[in-house]
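S.K.: This is the structure I have questions about; it appears just below.
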Amino acid sequence: MRDKSLKYVLVLPAVFVVFATAIWPLVESLRLSFTVGRLNRPNFPQEYLGFENYAWAFLEEPAFWNSVQVTAIYTLVTVVLTTVLALGLALLLSPGGRLRSTVQTLLILPFAMSPALIGVSFRFMFNPEFGLFDAFFSFVFPPLAHISWLSDPTLAFAVVVMADVWGWIPFLTLVLIGGLASVPRDTIEAAQVDGASGWRVFKDVTLPQLMPVLAVVIILKTIFSLKTFDQIYMLTNGGPGTATQTLSHYIYFSGLKYGQIGYSASVAWLMVIPMIFLTYLYAKHMFRKG
Amino acid sequence: MAEIKLEKLTKRWGDFIGVDNQTIHIHDKEFFVLLGPSGCGKTTTMRMIAGLEEPTDGEIWIGDRMVNDELPKDRDVAMVFQNYGLYPHMTVYDNIAYPLKVRKTPPQEIETRVAKAAEQVELTEFLDRKPKAMSGGQRQRVALARAIVRTPLVFLMDEPLSNLDAKLRVTMRAELKHLSHELKITTVYVTHDQIEAMTLADRIAVMNHGVVQQLGTPDEIYNNPENIFVASFIGSPAMNLIQGSLLDGWFVTTGGTKLTRVGGGDKERVVLGVRAEDFIITDAGQGDIDVPVYATENTGESVLLTIQFGKQRVSAKGDRHLDKKIDDIVGLKVKPEHLYLFDPVTEKRIRPGQ
Amino acid sequence: MTGKQKKQFWNALQVILILTAAFIMLIPIIWIFLAAFKTHVDVYQLKVFFTPTIENFGTVFESPYHLGDKLYNSTVVAGVTVLFAIPIATCAAYSFSRFSLTGEMTMLVMILATQFVPAVVIILPFFVMFRDIGLLDTRLGLILINLAIVMPFAIWMIKGFIDGIPIETEEAAMVDGSTRIQVILNIVLPMAAPGLFTAGIFCFILAWNEFLFALILTNKDAVTLPIGLALFKAEEGDLWNLLSAAGIIIMAPMFVLALIIRKHFVQGMTMGAVR
Ligand SMILES: Nc1ncnc2c1ncn2[C@@H]1O[C@H](COP(=O)(O)OP(=O)(O)OP(=O)(O)O)[C@@H](O)[C@H]1O
Ligand SMILES: [Mg+2]
């Protein structure tokens with residue numbers, strides 16, 4: 001076969017799969033979002049509603065607004081914490097050497113761990129009776145022991161954030177170490193010779209050159225924070241009450257637990273819109289050079 | 001029988017012209033060199049012959065076949081790539097055997113032919129190695145062996161010696177020359193090294209900006225350059241190009257000195273081309289013109305003087321016992337039979353007397 | 001302090017910080033690891049020193065947990081997903097890498113962007129469709145939808161590897177007499193093999209750890225390991241020793257795989273595009 005046709009034949013299956021597994025569901029979700037779409041009634045997806053589902057979410061559902069708020073705060077806090085801590089760790093680890101490269105290798109482990117399992121292990125650690133923290137504090141500072149972390153809205157939120165930060169720091173650190181490695185050594189050395197202090201070198205030379213990678217890291221983490229589901233489901237299942245119910249979790253509940261597919265599709269699409277914007281930003285940063 | 005005919009061949013990428021409407025006929029069994037500075041379109045021309053690049057316009061003929069629409073595999077050419085293009089996952093033996101294998105040559109014949117090719121490039125003891133475990137020169141020879149293992153209609157070699165050290169380059173050059181003589185296969189050879197071109201070629205095409213500037217034997221190219229580009233590109237040091245005018249058959253420098261008689265009539269602006277070795281260096285007062293020495297370089301076999309010539313500098317080659325210092329005044333004479341006149345506007349050669 | 005002392009102090013501080021960070025990174029893993037070898041009683045007594053037992057690893061495979069079934073499902077689902085994804089992705093990656101296609105950049109960015117689509121959005125229509133055609137709670141259904149997760153990674157990763165193969169090698173093969181297909185089979189695949197292997201493992205890990213799709217699409221026959229964790233909730237609370245043993249069964253193989261491909265792990269995640 002001639003290359004001219006072959007090249008399209010080769011991409012066809014992949015394009016089909018991507019289309020069928022991502023584009024089609026997006027479009028189909030959009031269609032469902034304008035319908036009643038109740039799973040437990042016949043003739044699914046029932047009648048056309050126009051924007052009623054959207055209006056409902058905006059006007060009549062405090063739970064929706066709650067999950068928006070939870071997601072927003074969760075995203076903000078996790079993005080800031082993960083990025084800052086990962087940057088610090090990357091700076092600590094990037095000089096290389098035996099100890100540092102061993103730790104770098106260890107960093108892969110949390111990332112190969114299923115997020116669901118991360119949720120489970122944090123639930124275990126924060127168990128008020130026989131969790132690790134309980135044990136730790138009854139040893140060093142008894143007043144803090146036996147706290148029922150996951151029953152308190154604020155503390156539960158903190159634990160959820162901790163689990164997320166713990167799970168993401170390793171990966172972001174590794175990416176940033178890669179970014180730091182591509183900052184030319186001689187620019188740093190030149191600044192040192194010019195008499196800049198360590199902090200000044202970092203602020204004036206390293207950080208600006210790291211900025212493109214940092215931007216990609218921040219956008220990427222934002223996207224994944226917005227989507228968070230697995231750990232939350234396993235760790236708090238949105239609770240106590242709805243204190244840790246993110247948008248994904250809310251969509252899951254209203255759509256698949258309560259069978260309101262049409263309604264949850266509309267909420268899902270409300271979530272897709274910022275994603276499109278972020279994806280645009282991400283693509284712009286990623287392909288700036290190409 | 002495999003002459004190669006490129007008819008009005010053009011390659012464009014958007015607005016950029018890589019090869020511009022070139023017609024080149026390469027004779028059967030000829031060792032044909034494409035020579036030119038970096039980016040002039042040599043590789044592009046060769047890749048179009050191989051079928052790796054599709055011409056924007058024009059025809060390519062190999063023998064009596066128009067091959068424009070044929071795939072590389074059907075053109076029956078063998079190519080040595082600039083960076084070897086060896087198969088890293090195969091041993092040297094498998095690398096050399098690959099062109100035969102895909103052509104379904106009987107196994108026995110493959111064995112004998114690979115052995116012979118390996119012997120020709122002196123690689124017999126390396127057949128079990130992978131390319132990674134070999135030096136640049138050895139890899140180069142694997143690439144060569146892979147080309148000569150078959151008897152193709154055409155050899156295409158893209159700067160096949162460019163990655164070798166100076167010494168290996170000289171030996172490989174001799175080897176290539178011998179090989180092409182022995183195999184009698186039409187060869188197109190790309191290089192930007194003029195020594196390589198001069199020593200190997202039956203004919204050379206000097207290219208610049210996608211256009212063949214001159215096509216001829218090494219002797220013609222060197223002794224009879226058609227234009228300023230060819231004159232200054234060929235030869236080391238580059239030919240001196242002296243600005244001046246033509247007055248009653250005499251070349252007069254911009255400074256007003258009557259230098260030498262070149263024939264022809266009057267012309268306000270001309271460029272005189274003189275090769276460094278075509279100057280005769282004399283003591284002051286004994287030449288056509290007295291000039292100060294700007295710098296001297298002793299290369300061992302000769303002495304190269306850089307001379308302040310009015311506002312320009314020229315180089316002149318003297319014999320190795322010449323003993324001149326900076327700021328000495330020397331006399332210069334030119335050998336009248338080796339002078340070239342060019343038109344500074346068209347850059348074309350002017351032949352006085354015609 | 002003298003300059004030298006100052007330097008020593010900084011170095012010591014850095015080492016302490018690094019060790020602390022490493023410790024924090026490992027604690028949850030170690031905690032699970034320890035619990036998996038404790039008896040039920042030891043877990044509740046918070047013992048740090050205990051007589052290890054491997055009993056938990058037996059119990060989880062027995063009735064009523066039957067973790068073996070989940071292990072089988074996870075292996076089949078992740079394995080078959082990879083077997084589908086890698087060849088399809090390789091073809092596309094080759095084409096993207098070597099040819100210029102109309103709309104190539106758009107396609108590549110779209111493919112990349114699909115990983116950002118929230119899984120809950122994808123799952124809603126698929127749940128409805130699978131319900132209608134009877135693919136709910138089947139391994140086949142899970143495999144199909146897992147392709148959604150692994151394809152973008154696979155395509156971009158493999159494209160990165162193929163980009164790294166010098167084009168001259170392929171051109172040499174073509175001049176030597178190969179068809180395009182022969183070039184792909186004889187030259188590109190062997191040279192890209194380590195890359196395909198890496199991408200395969202990477203996708204396997206992704207599919208293995210996948211949670212939301214399996215949670216929604218399965219309930220009995222096709223339940224995978226991460227969903228199986230829910231089995232260990234008893235009336236009297238979570239059975240942490242069993243949960244931990246199951247956790248180890250989930251994560252240990254992935255640790256091994258991740259360490260095998262550790263050099264490419266991060267590139268894979270960012271698809272080699274962050275430089
Ligand atoms: N795929 C392409 N797209 C656009 N321009 C190209 C492409 N390939 C080559 N060119 C341009 O065409 C011109 C000729 O390239 P070519 O490779 O033929 O040069 P060359 O004479 O072989 O130079 P060198 O001695 O450096 O190898 C160059 O200016 C190059 O930038
Ligand atoms: Mg070239």
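By convention here, the chains of the structure tokens are called A, B, ... in the order presented, each chain's residues are numbered starting at 1, and ligands are numbered starting at 1 in the order presented.
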Identify, with DSSP run on backbone atoms, the residues in segment 175-235 of chain A assigned to alpha helix (DSSP H), and express the list as an MDAnalysis selection string.
M.R.: chainID A and resid 175:181 185:193 198:201 207:227 230:235
S.K.: Any idea what's packed within 9 Å of segment 72-74 of chain A, counting only C-alpha atoms, ignoring anything in its chain fewer than 6 positions away? Could you give it as a list of chain:residue names?
M.R.: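 The residues that qualify are A:Phe157, A:Val160, A:Val161, A:Ser225, A:Leu226, A:Thr244, A:Thr246.
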S.K.: Neighbouring residues of ligand 1 are defined here as those with any atom at most 8 Å from a ligand atom, counting only C-alpha atoms and all ligand atoms; list them as a count of residues only.
M.R.: 25
S.K.: Name the closest residue to chain C among the candidates A:Ile273, A:Val18, A:Leu247, A:Ile219; distances are taken between atoms, counting only C-alpha atoms.
M.R.: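 Result for the nearest residue to chain C: A:Val18.
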S.K.: I'd like the contact shell of Leu206 of chain C - 12 Å cut-off, only C-alpha atoms, skipping same-chain residues fewer than 6 positions apart - returned as an mmCIF file with N, CA, C and O atoms, in the first residue's frame.
M.R.:
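Final output, result.cif:
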data_model
loop_
_atom_site.group_PDB
_atom_site.id
_atom_site.type_symbol
_atom_site.label_atom_id
_atom_site.label_comp_id
_atom_site.auth_asym_id
_atom_site.auth_seq_id
_atom_site.Cartn_x
_atom_site.Cartn_y
_atom_site.Cartn_z
ATOM 1 N N PHE A 111 3.386 6.424 43.587
ATOM 2 C CA PHE A 111 2.689 6.713 42.352
ATOM 3 C C PHE A 111 2.169 5.466 41.652
ATOM 4 O O PHE A 111 1.233 5.533 40.866
ATOM 5 N N ALA A 112 2.806 4.337 41.942
ATOM 6 C CA ALA A 112 2.328 3.096 41.331
ATOM 7 C C ALA A 112 1.189 2.510 42.148
ATOM 8 O O ALA A 112 0.675 1.453 41.854
ATOM 9 N N MET A 113 0.828 3.227 43.214
ATOM 10 C CA MET A 113 -0.199 2.715 44.119
ATOM 11 C C MET A 113 -1.559 3.197 43.638
ATOM 12 O O MET A 113 -1.721 4.354 43.267
ATOM 13 N N SER A 114 -2.507 2.318 43.650
ATOM 14 C CA SER A 114 -3.859 2.691 43.237
ATOM 15 C C SER A 114 -4.403 3.770 44.170
ATOM 16 O O SER A 114 -4.306 3.657 45.389
ATOM 17 N N PRO A 115 -4.987 4.834 43.610
ATOM 18 C CA PRO A 115 -5.546 5.901 44.456
ATOM 19 C C PRO A 115 -6.561 5.350 45.457
ATOM 20 O O PRO A 115 -6.649 5.837 46.583
ATOM 21 N N SER C 74 -8.685 -8.784 37.461
ATOM 22 C CA SER C 74 -7.767 -7.664 37.277
ATOM 23 C C SER C 74 -6.699 -8.003 36.248
ATOM 24 O O SER C 74 -6.376 -7.205 35.371
ATOM 25 N N VAL C 77 -8.324 -8.266 32.737
ATOM 26 C CA VAL C 77 -8.756 -6.965 32.226
ATOM 27 C C VAL C 77 -7.545 -6.115 31.855
ATOM 28 O O VAL C 77 -7.451 -5.601 30.738
ATOM 29 N N ALA C 78 -6.600 -5.990 32.772
ATOM 30 C CA ALA C 78 -5.432 -5.148 32.483
ATOM 31 C C ALA C 78 -4.616 -5.748 31.336
ATOM 32 O O ALA C 78 -4.190 -5.031 30.427
ATOM 33 N N GLY C 79 -4.442 -7.064 31.367
ATOM 34 C CA GLY C 79 -3.633 -7.712 30.324
ATOM 35 C C GLY C 79 -4.246 -7.547 28.946
ATOM 36 O O GLY C 79 -3.568 -7.142 27.997
ATOM 37 N N THR C 81 -6.483 -5.408 27.989
ATOM 38 C CA THR C 81 -6.481 -3.992 27.612
ATOM 39 C C THR C 81 -5.157 -3.631 26.953
ATOM 40 O O THR C 81 -5.114 -3.000 25.892
ATOM 41 N N VAL C 82 -4.069 -4.054 27.575
ATOM 42 C CA VAL C 82 -2.749 -3.753 27.021
ATOM 43 C C VAL C 82 -2.567 -4.426 25.660
ATOM 44 O O VAL C 82 -2.056 -3.825 24.716
ATOM 45 N N GLN C 115 -7.484 12.449 28.112
ATOM 46 C CA GLN C 115 -7.186 11.973 29.471
ATOM 47 C C GLN C 115 -7.662 12.961 30.533
ATOM 48 O O GLN C 115 -7.680 12.643 31.703
ATOM 49 N N ASN C 146 -11.539 0.601 29.553
ATOM 50 C CA ASN C 146 -10.176 0.885 29.993
ATOM 51 C C ASN C 146 -9.313 1.414 28.853
ATOM 52 O O ASN C 146 -8.343 2.138 29.077
ATOM 53 N N LEU C 147 -9.678 1.049 27.636
ATOM 54 C CA LEU C 147 -8.948 1.584 26.491
ATOM 55 C C LEU C 147 -8.989 3.114 26.518
ATOM 56 O O LEU C 147 -8.043 3.781 26.116
ATOM 57 N N ALA C 148 -10.089 3.649 27.018
ATOM 58 C CA ALA C 148 -10.214 5.103 27.089
ATOM 59 C C ALA C 148 -9.094 5.691 27.937
ATOM 60 O O ALA C 148 -8.576 6.761 27.658
ATOM 61 N N ILE C 149 -8.725 4.954 28.979
ATOM 62 C CA ILE C 149 -7.706 5.487 29.877
ATOM 63 C C ILE C 149 -6.312 5.314 29.308
ATOM 64 O O ILE C 149 -5.478 6.207 29.388
ATOM 65 N N VAL C 150 -6.049 4.142 28.727
ATOM 66 C CA VAL C 150 -4.659 3.866 28.367
ATOM 67 C C VAL C 150 -4.269 4.389 26.987
ATOM 68 O O VAL C 150 -3.096 4.684 26.757
ATOM 69 N N MET C 151 -5.224 4.531 26.088
ATOM 70 C CA MET C 151 -4.855 4.898 24.719
ATOM 71 C C MET C 151 -4.047 6.187 24.609
ATOM 72 O O MET C 151 -3.008 6.203 23.947
ATOM 73 N N PRO C 152 -4.516 7.286 25.212
ATOM 74 C CA PRO C 152 -3.726 8.520 25.042
ATOM 75 C C PRO C 152 -2.289 8.351 25.524
ATOM 76 O O PRO C 152 -1.350 8.752 24.837
ATOM 77 N N PHE C 153 -2.117 7.708 26.678
ATOM 78 C CA PHE C 153 -0.764 7.497 27.183
ATOM 79 C C PHE C 153 0.040 6.651 26.214
ATOM 80 O O PHE C 153 1.173 6.965 25.870
ATOM 81 N N ALA C 154 -0.570 5.549 25.783
ATOM 82 C CA ALA C 154 0.148 4.622 24.920
ATOM 83 C C ALA C 154 0.587 5.317 23.632
ATOM 84 O O ALA C 154 1.744 5.219 23.226
ATOM 85 N N ALA C 199 5.751 1.028 27.550
ATOM 86 C CA ALA C 199 4.395 1.550 27.409
ATOM 87 C C ALA C 199 3.383 0.504 27.862
ATOM 88 O O ALA C 199 2.387 0.818 28.521
ATOM 89 N N GLY C 200 3.655 -0.748 27.523
ATOM 90 C CA GLY C 200 2.750 -1.832 27.908
ATOM 91 C C GLY C 200 2.630 -1.933 29.420
ATOM 92 O O GLY C 200 1.524 -2.013 29.965
ATOM 93 N N PRO C 226 -9.142 -3.475 43.100
ATOM 94 C CA PRO C 226 -9.407 -2.271 43.904
ATOM 95 C C PRO C 226 -10.832 -2.234 44.438
ATOM 96 O O PRO C 226 -11.063 -1.799 45.564
ATOM 97 N N MET C 251 -0.734 -3.873 45.387
ATOM 98 C CA MET C 251 0.338 -2.931 45.065
ATOM 99 C C MET C 251 1.682 -3.576 44.799
ATOM 100 O O MET C 251 2.465 -3.045 44.012
ATOM 101 N N MET C 254 2.603 -4.065 41.210
ATOM 102 C CA MET C 254 2.764 -2.784 40.511
ATOM 103 C C MET C 254 4.083 -2.126 40.889
ATOM 104 O O MET C 254 4.720 -1.495 40.062
ATOM 105 N N LEU C 257 6.664 -3.784 38.771
ATOM 106 C CA LEU C 257 6.593 -3.317 37.385
ATOM 107 C C LEU C 257 7.110 -1.890 37.254
ATOM 108 O O LEU C 257 7.858 -1.559 36.343
ATOM 109 N N ALA C 258 6.704 -1.049 38.212
ATOM 110 C CA ALA C 258 7.118 0.355 38.132
ATOM 111 C C ALA C 258 8.629 0.479 38.246
ATOM 112 O O ALA C 258 9.254 1.292 37.569
ATOM 113 N N PHE C 265 9.300 6.107 33.676
ATOM 114 C CA PHE C 265 8.012 6.235 34.338
ATOM 115 C C PHE C 265 7.473 7.652 34.268
ATOM 116 O O PHE C 265 6.334 7.893 33.892
ATOM 117 N N GLY C 268 6.645 8.819 30.824
ATOM 118 C CA GLY C 268 5.394 8.223 30.398
ATOM 119 C C GLY C 268 4.216 9.017 30.909
ATOM 120 O O GLY C 268 3.264 9.286 30.196
ATOM 121 N N MET C 269 4.326 9.391 32.158
ATOM 122 C CA MET C 269 3.221 10.097 32.782
ATOM 123 C C MET C 269 2.988 11.441 32.113
ATOM 124 O O MET C 269 1.862 11.863 31.896
#
